[in-house]
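**Q** Pasting a structure below so you can have a look.
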Amino acid sequence: GAGVSQTPSNKVTEKGKYVELRCDPISGHTALYWYRQSLGQGPEFLIYFQGTGAADDSGLPNDRFFAVRPEGSVSTLKIQRTERGDSAVYLCASSPYQMNTEAFFGQGTRLTVV
Amino acid sequence: GENVEQHPSTLSVQEGDSAVIKCTYSDSASNYFPWYKQELGKRPQLIIDIRSNVGEKKDQRIAVTLNKTAKHFSLHITETQPEDSAVYFCAAKYNTDKLIFGTGTRLQVFP
């Protein structure tokens with residue numbers, strides 16, 4: 001596809017369970033971002049990849065959150081021992097290598113922890 | 001710290017009037033400032049951006065101004081239309097290339 005793709009679009013899980021959220025960036029985009037957006041709030045930065053490496057993971061709220069991008073393309077955000085407070089829309093965005101260019105967002109994964 | 005403040009949180013205007021949304025950022029090294037529009041249930045989409053080497057940029061009814069000294073930047077929408085109703089987010093790129101977003105402005109344009 002031409003755009004950023006995120007799967008699943010919706011995920012309902014029980015408290016304490018493990019979840020994985022997937023992001024397929026635009027082909028050729030080396031920069032990939034994960035954000036979390038709660039209702040009525042702006043996107044909250046979680047982690048940023050440049051290629052395979054996490055250039056900045058300072059936004060991850062705690063050690064239950066982890067993200068990988070092993071081949072520099074698809075990324076997976078992993079959340080262990082989910083809590084109700086993790087419920088939000090998780091957005092992924094990608095941009096070309098060049099600095100100061102548009103970041104294109106996926107449609108998000110709505111995570112609900114019950 | 002890395003912070004982007006955005007005002008107002010809500011803005012209601014009559015169709016045809018202008019709307020202005022203001023943001024401030026904390027890092028003087030920031031050099032890229034995009035604005036995103038998000039309609040209900042949809043992904044944020046870029047509407048305009050400005051880089052630190054210019055003070056103003058215009059695209060039809062939308063303009064953005066940047067004051068690097070004051071660390072302010074603003075979005076101006078002229079001749080507003082009902083389809084402009086959405087949530088608007090400003091953002092600033094910080095030194096590790098991460099994009100920090102403001103808290104959003106809900107714009108309502110009444111016919």
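Residue names in the structure tokens use chain letters A, B, ... in the order shown, residue numbers from 1 in each chain, and ligand numbers from 1 in the order shown.
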List as CSV every residue of chain B that is in contact with chain A, defined as an atom at most 8 Å from one of its atoms (using only C-alpha atoms), together with the nearest atom pair and the distance in Å rounded to one decimal, sorted by chain and then rising number.
**A**
```
residue,atom,partner,partner_atom,distance
B:Asn31,CA,A:Asn100,CA,7.7
B:Tyr32,CA,A:Asn100,CA,5.6
B:Pro34,CA,A:Glu102,CA,7.7
B:Lys42,CA,A:Gln107,CA,6.4
B:Arg43,CA,A:Gln107,CA,5.0
B:Pro44,CA,A:Phe105,CA,6.4
B:Gln45,CA,A:Phe105,CA,7.1
B:Leu46,CA,A:Glu102,CA,7.1
B:Arg51,CA,A:Asn100,CA,7.4
B:Phe89,CA,A:Gly42,CA,6.9
B:Lys93,CA,A:Asn100,CA,7.7
B:Thr96,CA,A:Asp56,CA,6.7
B:Asp97,CA,A:Met99,CA,7.4
B:Lys98,CA,A:Tyr48,CA,6.5
B:Leu99,CA,A:Phe45,CA,7.3
B:Ile100,CA,A:Phe45,CA,6.4
B:Phe101,CA,A:Gly42,CA,6.1
B:Gly102,CA,A:Gly42,CA,5.9
B:Thr103,CA,A:Gly42,CA,4.5
B:Gly104,CA,A:Gly42,CA,5.7
```
**Q** Would you output that residue set with N, CA, C and O atoms, as an mmCIF file, in the first residue's frame?
**A**
```
data_model
loop_
_atom_site.group_PDB
_atom_site.id
_atom_site.type_symbol
_atom_site.label_atom_id
_atom_site.label_comp_id
_atom_site.auth_asym_id
_atom_site.auth_seq_id
_atom_site.Cartn_x
_atom_site.Cartn_y
_atom_site.Cartn_z
ATOM 1 N N ASN B 31 13.849 23.372 14.821
ATOM 2 C CA ASN B 31 13.937 24.012 13.514
ATOM 3 C C ASN B 31 12.867 23.567 12.519
ATOM 4 O O ASN B 31 12.942 23.895 11.339
ATOM 5 N N TYR B 32 11.891 22.810 13.000
ATOM 6 C CA TYR B 32 10.831 22.352 12.097
ATOM 7 C C TYR B 32 9.523 22.345 12.859
ATOM 8 O O TYR B 32 9.444 21.786 13.960
ATOM 9 N N PRO B 34 5.521 21.647 12.149
ATOM 10 C CA PRO B 34 4.369 21.284 11.315
ATOM 11 C C PRO B 34 3.057 21.509 12.045
ATOM 12 O O PRO B 34 3.008 21.565 13.281
ATOM 13 N N LYS B 42 -10.161 9.928 12.723
ATOM 14 C CA LYS B 42 -9.213 9.775 11.612
ATOM 15 C C LYS B 42 -7.784 10.089 12.056
ATOM 16 O O LYS B 42 -7.549 10.569 13.156
ATOM 17 N N ARG B 43 -6.849 9.794 11.178
ATOM 18 C CA ARG B 43 -5.445 10.030 11.498
ATOM 19 C C ARG B 43 -5.107 11.511 11.337
ATOM 20 O O ARG B 43 -5.730 12.213 10.539
ATOM 21 N N PRO B 44 -4.097 12.006 12.060
ATOM 22 C CA PRO B 44 -3.630 13.376 11.835
ATOM 23 C C PRO B 44 -3.036 13.507 10.442
ATOM 24 O O PRO B 44 -2.317 12.620 9.973
ATOM 25 N N GLN B 45 -3.325 14.638 9.786
ATOM 26 C CA GLN B 45 -2.777 14.878 8.453
ATOM 27 C C GLN B 45 -2.146 16.259 8.417
ATOM 28 O O GLN B 45 -2.720 17.233 8.918
ATOM 29 N N LEU B 46 -0.970 16.328 7.805
ATOM 30 C CA LEU B 46 -0.237 17.589 7.705
ATOM 31 C C LEU B 46 -1.003 18.576 6.838
ATOM 32 O O LEU B 46 -1.471 18.233 5.752
ATOM 33 N N ARG B 51 9.892 25.852 8.327
ATOM 34 C CA ARG B 51 11.228 25.601 8.829
ATOM 35 C C ARG B 51 11.807 26.886 9.361
ATOM 36 O O ARG B 51 11.368 27.971 8.998
ATOM 37 N N PHE B 89 -3.365 20.343 15.629
ATOM 38 C CA PHE B 89 -2.209 20.153 16.498
ATOM 39 C C PHE B 89 -0.990 20.840 15.903
ATOM 40 O O PHE B 89 -0.695 20.660 14.716
ATOM 41 N N LYS B 93 9.972 19.910 16.256
ATOM 42 C CA LYS B 93 10.942 18.827 16.194
ATOM 43 C C LYS B 93 12.118 19.181 17.101
ATOM 44 O O LYS B 93 12.712 20.252 16.976
ATOM 45 N N THR B 96 16.724 15.266 18.833
ATOM 46 C CA THR B 96 16.935 13.895 18.362
ATOM 47 C C THR B 96 15.991 13.557 17.218
ATOM 48 O O THR B 96 15.811 12.400 16.882
ATOM 49 N N ASP B 97 15.381 14.567 16.640
ATOM 50 C CA ASP B 97 14.440 14.403 15.526
ATOM 51 C C ASP B 97 13.055 13.983 15.974
ATOM 52 O O ASP B 97 12.207 13.702 15.152
ATOM 53 N N LYS B 98 12.816 13.897 17.260
ATOM 54 C CA LYS B 98 11.473 13.516 17.667
ATOM 55 C C LYS B 98 10.545 14.718 17.584
ATOM 56 O O LYS B 98 10.929 15.860 17.812
ATOM 57 N N LEU B 99 9.307 14.431 17.228
ATOM 58 C CA LEU B 99 8.287 15.443 17.029
ATOM 59 C C LEU B 99 7.404 15.479 18.275
ATOM 60 O O LEU B 99 6.801 14.465 18.645
ATOM 61 N N ILE B 100 7.365 16.634 18.925
ATOM 62 C CA ILE B 100 6.552 16.797 20.124
ATOM 63 C C ILE B 100 5.323 17.624 19.754
ATOM 64 O O ILE B 100 5.452 18.702 19.164
ATOM 65 N N PHE B 101 4.146 17.127 20.134
ATOM 66 C CA PHE B 101 2.886 17.757 19.754
ATOM 67 C C PHE B 101 2.322 18.605 20.883
ATOM 68 O O PHE B 101 2.529 18.323 22.065
ATOM 69 N N GLY B 102 1.578 19.622 20.484
ATOM 70 C CA GLY B 102 0.768 20.381 21.421
ATOM 71 C C GLY B 102 -0.468 19.603 21.808
ATOM 72 O O GLY B 102 -0.728 18.500 21.298
ATOM 73 N N THR B 103 -1.269 20.181 22.687
ATOM 74 C CA THR B 103 -2.435 19.491 23.238
ATOM 75 C C THR B 103 -3.666 19.599 22.355
ATOM 76 O O THR B 103 -4.673 18.964 22.643
ATOM 77 N N GLY B 104 -3.597 20.401 21.303
ATOM 78 C CA GLY B 104 -4.682 20.448 20.330
ATOM 79 C C GLY B 104 -5.649 21.599 20.552
ATOM 80 O O GLY B 104 -5.851 22.077 21.676
#
```
**Q** Write down as a ChimeraX atom specification the residues of chain B whose backbone DSSP state falls under strand (DSSP E).
**A** /B:4-7,10-14,19-25,32-38,45-51,56-59,62-67,72-77,86-93,99-101,105-110
**Q** What's around B:Tyr25 at 9 Å? Count only C-alpha atoms, leave out sequence neighbours fewer than 2 positions away in its own chain, and write the answer as an MDAnalysis selection string.
**A** chainID B and resid 2:5 23 27:28 30 71:73 91:92
**Q** Quick one, how far is atom CA of A:Thr112 from atom CA of A:Thr30?
**A**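 Taking atom CA of A:Thr112 as the start and atom CA of A:Thr30 as the end point, the length is 29.5 Å.
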**Q** Would you pick out the contacts of A:Phe65 at 6 Å or less, using only C-alpha atoms, so that residues sharing its chain but fewer than 2 positions from it are not included, and give the list as a PyMOL selection string?
**A** chain A and resi 63+78-79
**Q** Generate a file of the selected residues that holds N, CA, C and O atoms, formatted as a short mmCIF file (atom, residue, chain, number, x, y, z; two decimals), in the first residue's frame.
**A**
```cif
data_model
loop_
_atom_site.label_atom_id
_atom_site.label_comp_id
_atom_site.auth_asym_id
_atom_site.auth_seq_id
_atom_site.Cartn_x
_atom_site.Cartn_y
_atom_site.Cartn_z
N ASP A 63 8.96 0.05 31.85
CA ASP A 63 9.60 -1.10 31.19
C ASP A 63 8.61 -2.14 30.71
O ASP A 63 9.02 -3.20 30.17
N LYS A 78 5.37 -3.54 21.74
CA LYS A 78 4.98 -4.65 22.61
C LYS A 78 4.66 -4.10 23.99
O LYS A 78 5.45 -3.30 24.53
N ILE A 79 3.55 -4.51 24.55
CA ILE A 79 3.15 -4.07 25.87
C ILE A 79 2.90 -5.31 26.73
O ILE A 79 2.05 -6.14 26.41
#
```
